[in-house]
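What follows is a single structure, written as structure tokens, with notes after it.
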There are 2 protein chains.
Amino acid sequence: MKGEIERYPLTGRFLMGRLRHALSDREKDILEDAVSDLREYPDGHRILARGELCHRSTILIEGFINRSIFENGRRYIVGIQVPGDFVDLHGFALKRLDHDIVTAGPARIGLIDHARLNELMASEPHLSRLFWFSTLLDAALHRQWVLKLEQLKANRRVAHLMAELWHRLAMVGLAGPTGFRSPLTQIDLADMCGTTPVHMNRAIGELRRLDVADFRRGTVSFDDRAKLERHGDFDATYLYGEGALHIGNELRE
Amino acid sequence: MKGEIERYPLTGRFLMGRLRHALSDREKDILEDAVSDLREYPDGHRILARGELCHRSTILIEGFINRSIFENGRRYIVGIQVPGDFVDLHGFALKRLDHDIVTAGPARIGLIDHARLNELMASEPHLSRLFWFSTLLDAALHRQWVLKLEQLKANRRVAHLMAELWHRLAMVGLAGPTGFRSPLTQIDLADMCGTTPVHMNRAIGELRRLDVADFRRGTVSFDDRAKLERHGDFDATYLYGEGALHIGNELRE
DNA sequence: CGTTGAATTGACACCGTTCAACGACAGTGG
DNA sequence: CCACTGTCGTTGAACGGTGTCAATTCAACG
């Protein structure tokens with residue numbers, strides 16, 4: 001799996017832990033070569049604005065990106081992406097997005113022109129099918145967020161979010177056995193969970209007291225992952241993973 | 001637009017008000033003919049269960065269907081579909097869904113085998129592209145639900161939901177100028193908005209007192225649509241409609 | 001006319017928001 | 001070097017939204 005990133009430094013994490021094994025080497029090469037441009041951005045950079053015409057799509061190589069919406073002077077985060085995610089593939093078919101695409105912490109991205117995607121749609125039906133699959137994965141994540149917002153109180157929502165992020169990062173080899181690093185602040189978590197930063201702080205404090213999870217200066221950590229998942233009513237099936245998670249050594253330093 | 005339903009009684013509402021105009025007559029015929037089976041179900045019938053292998057997809061012809069999840073002895077609704085929606089197209093690429101597909105009120109559906117869809121993927125790239133588009137529409141709706149769950153209190157959430165449903169029904173010619181009919185109960189609304197039935201009742205009562213909207217025995221009605229939309233912070237752009245809404249005479253009887 | 005599920009109402013406890021204040025820390029410029 | 005500044009994290013207290021439990025009314029239907 002290490003070789004995958006060396007061989008495909010830009011797109012090696014695309015669908016990793018999911019259906020990447022269904023890609024042939026030829027298809028992986030095609031995808032890697034489709035990246036026409038590389039960018040690095042600092043925290044908080046808006047890559048694409050809500051409503052803006054969209055003529056290329058972003059693949060996230062390193063860092064985090066969130067889907068956010070400003071309304072009534074407040075920010076709401078409706079999704080978050082991790083390395084390997086084809087972030088705004090939705091924009092390829094929809095032309096315009098209903099939300100902003102913004103970096104959370106420093107990020108490195110690759111860009112693929114829609115003109116090139118159109119060629120691939122015609123010449124690479126199997127690859128196209130997997131593009132579709134990856135957007136359906138996003139939809140499944142959205143649904144789970146809807147469910148957890150309807151179902152859980154704040155402290156369990158964060159627990160679920162932490163569990164989800166751990167699994168998604170583990171699938172692409174970026175989680176440690178007892179946690180992961182991320183540039184997310186409590187404010188970010190609050191905006192994802194639909195609470196205020198003040199209350200998020202208390203919710204996190206509760207998780208600490210209950211020994212469910214800890215969150216300090218950009219590191220989420222826990223002793224007992226099963227306990228975290230139980231607390232957040234987390235069930236990984238909606239991530240459509242392969243089961244074999246790739247746990248790196250993010251927290252082993 | 002009336003002719004569309006007469007000519008394509010099963011699939012005539014697919015993408016109506018959205019990108020249906022992008023379909024050629026030939027493509028419309030192909031889609032209509034792809035429906036291999038017709039079914040009618042009473043209220044509460046589970047068409048497809050969470051986790052179940054899925055080898056055909058459902059297009060909703062008449063009635064309502066919701067995407068629901070049972071967990072911890074409670075039901076949560078993570079999405080609702082109206083006539084013309086290709087309900088579980090997600091299952092075509094994902095194989096299994098993470099939620100149940102259940103009728104809300106009596107419904108009439110058409111079934112399309114995945115084998116047939118596979119043929120269409122190969123022979124009809126343009127049509128396939130619109131299938132993809134329609135699933136991205138679902139994703140956009142999910143995101144908006146996430147946003148409103150994060151952003152609004154119960155009474156405004158219902159207002160938003162009512163506004164959304166009105167627009168979606170209007171696009172397929174099933175809304176009246178001052179409201180629409182639906183078999184949804186207050187319990188259903190509660191399960192969609194993440195509140196309890198008791199509180200949903202008070203929320204609806206508040207909308208009544210404020211003259212924002214009324215809800216009685218299966219009919220949602222309002223005097224001033226703009227007021228309803230303002231109350232629910234509703235902005236129709238995420239529905240990716242064409243602007244020209246087809247208002248029927250549902251409430252004119 | 002009795003049954004059933006939906007709609008409604010009241011009382012009370014709990015979750016979450018708001019406003020306000022303070023501590024910790026990093027980056028900046030004098 | 002230290003003072004200044006801004007952002008994040010933390011805490012307290014008052015207030016308002018929501019959940020829970022319980023009881024009652026209402027409409028639809030056999």
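Chain labels follow the order of the structure tokens: the first chain is A, the next B, and so on; residue numbering restarts at 1 in every chain, and ligands are counted from 1 in their shown order.
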
Rows by chain and residue number, chain C within 9 Å of chain A, shortest pair, only C-alpha atoms (C1' of nucleotides), as a Markdown table:
```
| residue | atom | partner | partner_atom | distance |
| --- | --- | --- | --- | --- |
| C:DC15 | C1' | A:Lys153 | CA | 8.0 |
| C:DG16 | C1' | A:His199 | CA | 6.9 |
| C:DT17 | C1' | A:Thr196 | CA | 7.4 |
```

Just all heavy atoms for this one: save the residues we selected as a short mmCIF file (atom, residue, chain, number, x, y, z; two decimals), in the first residue's frame.
```
data_model
loop_
_atom_site.label_atom_id
_atom_site.label_comp_id
_atom_site.auth_asym_id
_atom_site.auth_seq_id
_atom_site.Cartn_x
_atom_site.Cartn_y
_atom_site.Cartn_z
P DC C 15 -29.23 16.47 29.77
OP1 DC C 15 -28.91 15.06 29.51
OP2 DC C 15 -28.49 17.26 30.78
"O5'" DC C 15 -29.14 17.24 28.37
"C5'" DC C 15 -30.07 16.90 27.33
"C4'" DC C 15 -30.08 18.03 26.32
"O4'" DC C 15 -30.73 19.18 26.88
"C3'" DC C 15 -28.70 18.48 25.86
"O3'" DC C 15 -28.73 18.51 24.44
"C2'" DC C 15 -28.52 19.86 26.48
"C1'" DC C 15 -29.95 20.34 26.63
N1 DC C 15 -30.24 21.26 27.77
C2 DC C 15 -30.92 22.46 27.53
O2 DC C 15 -31.24 22.75 26.38
N3 DC C 15 -31.20 23.27 28.57
C4 DC C 15 -30.84 22.93 29.81
N4 DC C 15 -31.15 23.76 30.81
C5 DC C 15 -30.14 21.72 30.08
C6 DC C 15 -29.86 20.91 29.04
P DG C 16 -27.46 18.96 23.59
OP1 DG C 16 -27.63 18.41 22.24
OP2 DG C 16 -26.25 18.70 24.38
"O5'" DG C 16 -27.66 20.53 23.49
"C5'" DG C 16 -28.72 21.03 22.70
"C4'" DG C 16 -28.67 22.53 22.66
"O4'" DG C 16 -28.98 23.04 23.98
"C3'" DG C 16 -27.31 23.12 22.29
"O3'" DG C 16 -27.53 23.98 21.16
"C2'" DG C 16 -26.83 23.85 23.54
"C1'" DG C 16 -28.14 24.13 24.25
N9 DG C 16 -28.08 24.24 25.70
C8 DG C 16 -27.48 23.39 26.60
N7 DG C 16 -27.63 23.77 27.85
C5 DG C 16 -28.36 24.94 27.77
C6 DG C 16 -28.83 25.81 28.78
O6 DG C 16 -28.68 25.71 30.00
N1 DG C 16 -29.53 26.89 28.24
C2 DG C 16 -29.77 27.10 26.91
N2 DG C 16 -30.46 28.19 26.58
N3 DG C 16 -29.35 26.30 25.95
C4 DG C 16 -28.65 25.25 26.45
P DT C 17 -26.48 25.14 20.73
OP1 DT C 17 -26.65 25.26 19.28
OP2 DT C 17 -25.16 24.82 21.31
"O5'" DT C 17 -27.02 26.47 21.40
"C5'" DT C 17 -28.37 26.87 21.13
"C4'" DT C 17 -28.58 28.30 21.58
"O4'" DT C 17 -28.54 28.35 23.03
"C3'" DT C 17 -27.54 29.31 21.09
"O3'" DT C 17 -28.25 30.48 20.68
"C2'" DT C 17 -26.64 29.55 22.31
"C1'" DT C 17 -27.62 29.33 23.46
N1 DT C 17 -27.05 28.79 24.73
C2 DT C 17 -27.35 29.41 25.92
O2 DT C 17 -28.05 30.41 26.00
N3 DT C 17 -26.81 28.81 27.03
C4 DT C 17 -26.02 27.68 27.08
O4 DT C 17 -25.60 27.23 28.14
C5 DT C 17 -25.74 27.09 25.79
C7 DT C 17 -24.89 25.86 25.73
C6 DT C 17 -26.25 27.65 24.70
#
```

If chain A is fitted onto chain B by least squares over all C-alpha atoms, taken pair by pair in sequence order, what do its new coordinates look like as a short mmCIF file (atom, residue, chain, number, x, y, z; two decimals) with C-alpha atoms, in the first residue's frame?
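Everything below was put into superposed37.cif:
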```cif
data_model
loop_
_atom_site.label_atom_id
_atom_site.label_comp_id
_atom_site.auth_asym_id
_atom_site.auth_seq_id
_atom_site.Cartn_x
_atom_site.Cartn_y
_atom_site.Cartn_z
CA MET A 1 -46.19 19.56 -20.14
CA LYS A 2 -49.48 17.74 -19.73
CA GLY A 3 -48.60 15.81 -22.88
CA GLU A 4 -45.41 14.60 -21.27
CA ILE A 5 -47.32 12.51 -18.75
CA GLU A 6 -49.71 11.19 -21.37
CA ARG A 7 -46.89 10.21 -23.65
CA TYR A 8 -44.69 8.80 -20.90
CA PRO A 9 -47.07 7.73 -18.14
CA LEU A 10 -44.35 5.95 -16.18
CA THR A 11 -41.29 8.12 -16.51
CA GLY A 12 -42.76 11.40 -17.74
CA ARG A 13 -41.84 13.20 -14.55
CA PHE A 14 -38.20 12.11 -14.50
CA LEU A 15 -36.12 15.31 -14.29
CA MET A 16 -39.18 17.36 -15.16
CA GLY A 17 -38.50 20.98 -14.27
CA ARG A 18 -34.82 20.18 -14.22
CA LEU A 19 -32.93 18.80 -17.21
CA ARG A 20 -35.71 16.83 -18.84
CA HIS A 21 -35.51 19.10 -21.85
CA ALA A 22 -32.02 17.70 -22.40
CA LEU A 23 -33.52 14.28 -23.10
CA SER A 24 -34.29 13.47 -26.71
CA ASP A 25 -37.58 11.78 -27.58
CA ARG A 26 -35.59 8.68 -28.37
CA GLU A 27 -34.03 8.69 -24.92
CA LYS A 28 -37.38 9.26 -23.29
CA ASP A 29 -38.75 6.26 -25.16
CA ILE A 30 -35.80 4.14 -24.10
CA LEU A 31 -36.29 5.09 -20.47
CA GLU A 32 -40.03 4.48 -20.60
CA ASP A 33 -39.44 1.05 -22.15
CA ALA A 34 -36.79 0.18 -19.57
CA VAL A 35 -39.45 -0.11 -16.89
CA SER A 36 -39.97 -3.85 -16.68
CA ASP A 37 -42.42 -4.02 -13.84
CA LEU A 38 -45.11 -1.93 -12.20
CA ARG A 39 -46.14 -2.15 -8.58
CA GLU A 40 -48.62 -0.54 -6.24
CA TYR A 41 -48.08 -0.55 -2.51
CA PRO A 42 -50.03 0.65 0.50
CA ASP A 43 -48.66 3.00 3.14
CA GLY A 44 -45.59 1.84 5.00
CA HIS A 45 -44.46 -0.86 2.60
CA ARG A 46 -40.72 -1.45 2.64
CA ILE A 47 -39.59 -1.70 -0.95
CA LEU A 48 -35.94 -2.27 -0.17
CA ALA A 49 -34.23 -2.98 3.14
CA ARG A 50 -30.99 -1.53 4.45
CA GLY A 51 -28.09 -3.79 3.53
CA GLU A 52 -30.12 -5.93 1.17
CA LEU A 53 -28.56 -6.80 -2.18
CA CYS A 54 -30.15 -4.68 -4.81
CA HIS A 55 -30.55 -5.81 -8.39
CA ARG A 56 -33.08 -3.32 -9.71
CA SER A 57 -33.97 0.26 -9.14
CA THR A 58 -37.20 2.08 -8.45
CA ILE A 59 -38.70 5.04 -10.19
CA LEU A 60 -41.49 6.71 -8.27
CA ILE A 61 -44.58 7.29 -10.40
CA GLU A 62 -47.18 8.34 -7.88
CA GLY A 63 -47.09 9.00 -4.16
CA PHE A 64 -44.23 9.51 -1.73
CA ILE A 65 -41.33 7.38 -0.60
CA ASN A 66 -38.97 8.04 2.25
CA ARG A 67 -35.46 6.94 3.03
CA SER A 68 -35.58 5.80 6.61
CA ILE A 69 -33.36 4.21 9.19
CA PHE A 70 -34.46 2.35 12.31
CA GLU A 71 -32.03 2.58 15.16
CA ASN A 72 -32.44 2.23 18.92
CA GLY A 73 -36.15 1.60 18.53
CA ARG A 74 -36.78 4.85 16.71
CA ARG A 75 -37.25 5.75 13.09
CA TYR A 76 -35.28 8.50 11.41
CA ILE A 77 -36.07 9.79 7.94
CA VAL A 78 -33.04 10.98 6.00
CA GLY A 79 -34.75 11.84 2.74
CA ILE A 80 -38.04 11.91 0.92
CA GLN A 81 -38.83 11.34 -2.74
CA VAL A 82 -41.62 12.68 -4.92
CA PRO A 83 -43.01 11.45 -8.26
CA GLY A 84 -40.44 11.44 -11.02
CA ASP A 85 -37.57 10.67 -8.66
CA PHE A 86 -35.32 7.76 -9.48
CA VAL A 87 -35.35 6.61 -5.88
CA ASP A 88 -32.68 3.99 -5.41
CA LEU A 89 -30.47 4.62 -8.36
CA HIS A 90 -27.76 4.84 -5.69
CA GLY A 91 -28.20 1.12 -5.22
CA PHE A 92 -27.13 0.52 -8.80
CA ALA A 93 -23.56 1.55 -8.11
CA LEU A 94 -23.43 0.84 -4.38
CA LYS A 95 -25.09 -2.60 -4.55
CA ARG A 96 -26.46 -2.20 -1.04
CA LEU A 97 -28.08 0.79 0.55
CA ASP A 98 -27.45 2.12 4.03
CA HIS A 99 -31.16 2.83 4.59
CA ASP A 100 -34.63 1.47 3.94
CA ILE A 101 -36.84 2.57 1.06
CA VAL A 102 -40.40 2.81 2.38
CA THR A 103 -43.65 4.12 0.94
CA ALA A 104 -45.25 7.09 2.70
CA GLY A 105 -48.88 6.70 1.82
CA PRO A 106 -49.99 4.56 -1.14
CA ALA A 107 -47.52 4.66 -4.00
CA ARG A 108 -47.08 3.43 -7.54
CA ILE A 109 -43.61 2.58 -8.72
CA GLY A 110 -41.79 1.26 -11.76
CA LEU A 111 -38.84 -1.09 -11.61
CA ILE A 112 -35.81 -1.14 -13.87
CA ASP A 113 -33.44 -4.10 -13.79
CA HIS A 114 -29.80 -3.36 -13.18
CA ALA A 115 -28.98 -5.62 -16.10
CA ARG A 116 -30.91 -3.21 -18.31
CA LEU A 117 -29.22 -0.22 -16.68
CA ASN A 118 -25.87 -1.76 -17.42
CA GLU A 119 -26.79 -2.02 -21.10
CA LEU A 120 -27.88 1.61 -21.07
CA MET A 121 -24.61 2.66 -19.43
CA ALA A 122 -22.80 1.15 -22.39
CA SER A 123 -25.09 2.23 -25.20
CA GLU A 124 -26.47 5.54 -23.92
CA PRO A 125 -23.73 7.73 -22.49
CA HIS A 126 -25.82 10.86 -22.52
CA LEU A 127 -28.72 9.26 -20.71
CA SER A 128 -26.26 7.74 -18.23
CA ARG A 129 -24.87 11.15 -17.59
CA LEU A 130 -28.33 12.34 -16.62
CA PHE A 131 -28.73 9.38 -14.28
CA TRP A 132 -25.57 10.51 -12.59
CA PHE A 133 -26.91 14.05 -12.49
CA SER A 134 -30.06 12.87 -10.77
CA THR A 135 -28.10 11.17 -7.99
CA LEU A 136 -26.06 14.34 -7.52
CA LEU A 137 -29.33 16.18 -7.09
CA ASP A 138 -30.11 13.83 -4.21
CA ALA A 139 -26.72 14.62 -2.69
CA ALA A 140 -27.46 18.35 -2.94
CA LEU A 141 -30.76 17.80 -1.16
CA HIS A 142 -29.00 15.84 1.56
CA ARG A 143 -26.54 18.67 2.05
CA GLN A 144 -29.34 21.16 2.41
CA TRP A 145 -30.96 18.99 5.03
CA VAL A 146 -27.66 18.88 6.91
CA LEU A 147 -27.46 22.66 6.70
CA LYS A 148 -30.98 23.25 7.92
CA LEU A 149 -30.62 20.75 10.76
CA GLU A 150 -27.50 22.59 11.86
CA GLN A 151 -28.94 26.04 11.36
CA LEU A 152 -32.62 26.18 12.24
CA LYS A 153 -34.90 25.56 15.19
CA ALA A 154 -37.75 23.12 14.82
CA ASN A 155 -40.48 25.44 13.57
CA ARG A 156 -38.27 26.91 10.87
CA ARG A 157 -37.10 23.46 9.87
CA VAL A 158 -40.64 22.39 9.07
CA ALA A 159 -41.18 25.61 7.19
CA HIS A 160 -38.11 24.83 5.10
CA LEU A 161 -39.27 21.29 4.51
CA MET A 162 -42.69 22.49 3.39
CA ALA A 163 -41.12 25.01 1.04
CA GLU A 164 -38.80 22.37 -0.39
CA LEU A 165 -41.60 19.89 -0.94
CA TRP A 166 -43.77 22.53 -2.55
CA HIS A 167 -41.03 23.39 -5.03
CA ARG A 168 -40.22 19.79 -5.84
CA LEU A 169 -43.88 18.98 -6.38
CA ALA A 170 -44.41 22.14 -8.40
CA MET A 171 -41.60 21.11 -10.72
CA VAL A 172 -43.48 17.95 -11.61
CA GLY A 173 -46.88 19.62 -11.75
CA LEU A 174 -48.22 18.32 -8.46
CA ALA A 175 -48.47 21.44 -6.35
CA GLY A 176 -51.21 24.02 -6.19
CA PRO A 177 -50.55 27.74 -5.98
CA THR A 178 -51.18 27.82 -2.25
CA GLY A 179 -50.07 24.38 -1.10
CA PHE A 180 -50.04 20.68 -1.80
CA ARG A 181 -51.45 17.40 -0.58
CA SER A 182 -49.41 14.65 0.98
CA PRO A 183 -50.03 11.65 3.20
CA LEU A 184 -47.37 12.77 5.67
CA THR A 185 -48.31 12.82 9.32
CA GLN A 186 -46.87 15.02 12.04
CA ILE A 187 -44.93 11.97 13.15
CA ASP A 188 -43.34 11.75 9.70
CA LEU A 189 -42.44 15.42 9.80
CA ALA A 190 -40.95 14.97 13.26
CA ASP A 191 -38.81 12.08 12.07
CA MET A 192 -37.56 14.20 9.18
CA CYS A 193 -36.78 17.21 11.31
CA GLY A 194 -35.13 15.40 14.18
CA THR A 195 -37.66 16.35 16.82
CA THR A 196 -40.31 14.49 18.79
CA PRO A 197 -43.90 14.34 17.53
CA VAL A 198 -45.00 16.36 20.55
CA HIS A 199 -42.65 19.18 19.77
CA MET A 200 -43.45 19.00 16.07
CA ASN A 201 -47.06 19.58 16.97
CA ARG A 202 -46.11 22.74 18.83
CA ALA A 203 -43.88 23.87 15.99
CA ILE A 204 -46.73 23.49 13.51
CA GLY A 205 -49.01 25.32 15.93
CA GLU A 206 -46.54 28.18 15.91
CA LEU A 207 -46.51 28.34 12.11
CA ARG A 208 -50.29 28.54 12.27
CA ARG A 209 -50.25 31.37 14.80
CA LEU A 210 -47.73 33.27 12.72
CA ASP A 211 -49.80 32.75 9.55
CA VAL A 212 -46.80 31.14 7.91
CA ALA A 213 -48.40 27.85 6.94
CA ASP A 214 -51.10 25.43 7.93
CA PHE A 215 -51.11 21.65 8.05
CA ARG A 216 -54.34 19.73 8.31
CA ARG A 217 -55.32 16.19 7.41
CA GLY A 218 -52.78 15.70 4.68
CA THR A 219 -52.81 19.17 3.24
CA VAL A 220 -50.10 21.76 3.55
CA SER A 221 -51.37 25.23 2.73
CA PHE A 222 -50.19 28.80 3.00
CA ASP A 223 -51.36 32.25 1.98
CA ASP A 224 -48.03 33.79 1.23
CA ARG A 225 -45.38 31.53 -0.20
CA ALA A 226 -42.66 34.16 0.07
CA LYS A 227 -43.41 34.44 3.77
CA LEU A 228 -43.09 30.68 4.20
CA GLU A 229 -39.80 30.67 2.35
CA ARG A 230 -38.47 33.56 4.36
CA HIS A 231 -39.41 31.84 7.59
CA GLY A 232 -37.58 28.67 6.57
CA ASP A 233 -34.57 30.51 5.13
CA PHE A 234 -35.37 28.78 1.88
CA ASP A 235 -33.45 29.45 -1.32
CA ALA A 236 -34.44 27.27 -4.25
CA THR A 237 -31.13 27.26 -6.09
CA TYR A 238 -30.00 23.99 -4.55
CA LEU A 239 -32.88 22.25 -6.32
CA TYR A 240 -31.24 23.03 -9.65
CA GLY A 241 -34.60 23.78 -11.24
CA GLU A 242 -35.21 25.67 -14.46
CA GLY A 243 -37.17 28.45 -12.89
CA ALA A 244 -40.38 27.75 -14.78
CA LEU A 245 -42.43 25.86 -12.25
CA HIS A 246 -45.42 23.85 -13.34
CA ILE A 247 -48.18 24.66 -10.93
CA GLY A 248 -51.05 22.23 -11.19
CA ASN A 249 -54.43 22.50 -9.58
CA GLU A 250 -53.90 20.15 -6.70
CA LEU A 251 -55.57 22.50 -4.26
CA ARG A 252 -58.12 24.00 -6.56
CA GLU A 253 -60.76 21.31 -6.27
#
```

Produce a table with one row for each residue of chain D that has an atom at most 12 Å from any atom of chain B, each row naming the nearest atom pair and its distance in Å at one decimal; use only C-alpha atoms (C1' of nucleotides); arrange rows by chain and rising residue number; format as a tab-separated table.
```
residue	atom	partner	partner_atom	distance
D:DG16	C1'	B:Lys153	CA	11.6
D:DG17	C1'	B:Lys153	CA	7.9
D:DT18	C1'	B:His199	CA	7.1
D:DG19	C1'	B:Thr196	CA	7.3
D:DT20	C1'	B:Val198	CA	9.6
D:DC21	C1'	B:Val198	CA	11.1
D:DC26	C1'	B:Arg217	CA	11.5
D:DA27	C1'	B:Arg217	CA	9.2
D:DA28	C1'	B:Arg217	CA	11.0
```

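For the pair C1' of DC29 (chain D) and C1' of DA6 (chain C), the separation is 13.8 Å.
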
Exercise for review: Mind checking which residues fall within 10 Å of region 19-27 of chain C, counting only C-alpha atoms (C1' of nucleotides), ignoring those fewer than 4 positions away in the same chain, and posting them as a ChimeraX atom specification?
Suggested key: /D:5-14

Exercise for review: From a DSSP calculation on the backbone, collect every residue of region 87-194 of chain A in strand (DSSP E or B) and output the set as number ranges by chain.
Suggested key: A: 96, 100-113, 175-176, 179-181

Point to revise | Straight-line distance linking C1' of DG10 (chain C) with C1' of DT25 (chain D), stated in Å to one decimal | key: 14.0 Å

Check your understanding: So which bits of region 34-239 of chain A end up alpha helix (DSSP H) when you DSSP the backbone, as a ChimeraX atom specification?
Key -> /A:34,90-94,114-123,125-151,154-171,186-193,197-209,225-231

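Here C1' of DT28 (chain C) is placed at a distance of 13.5 Å from C1' of DC1 (chain D).
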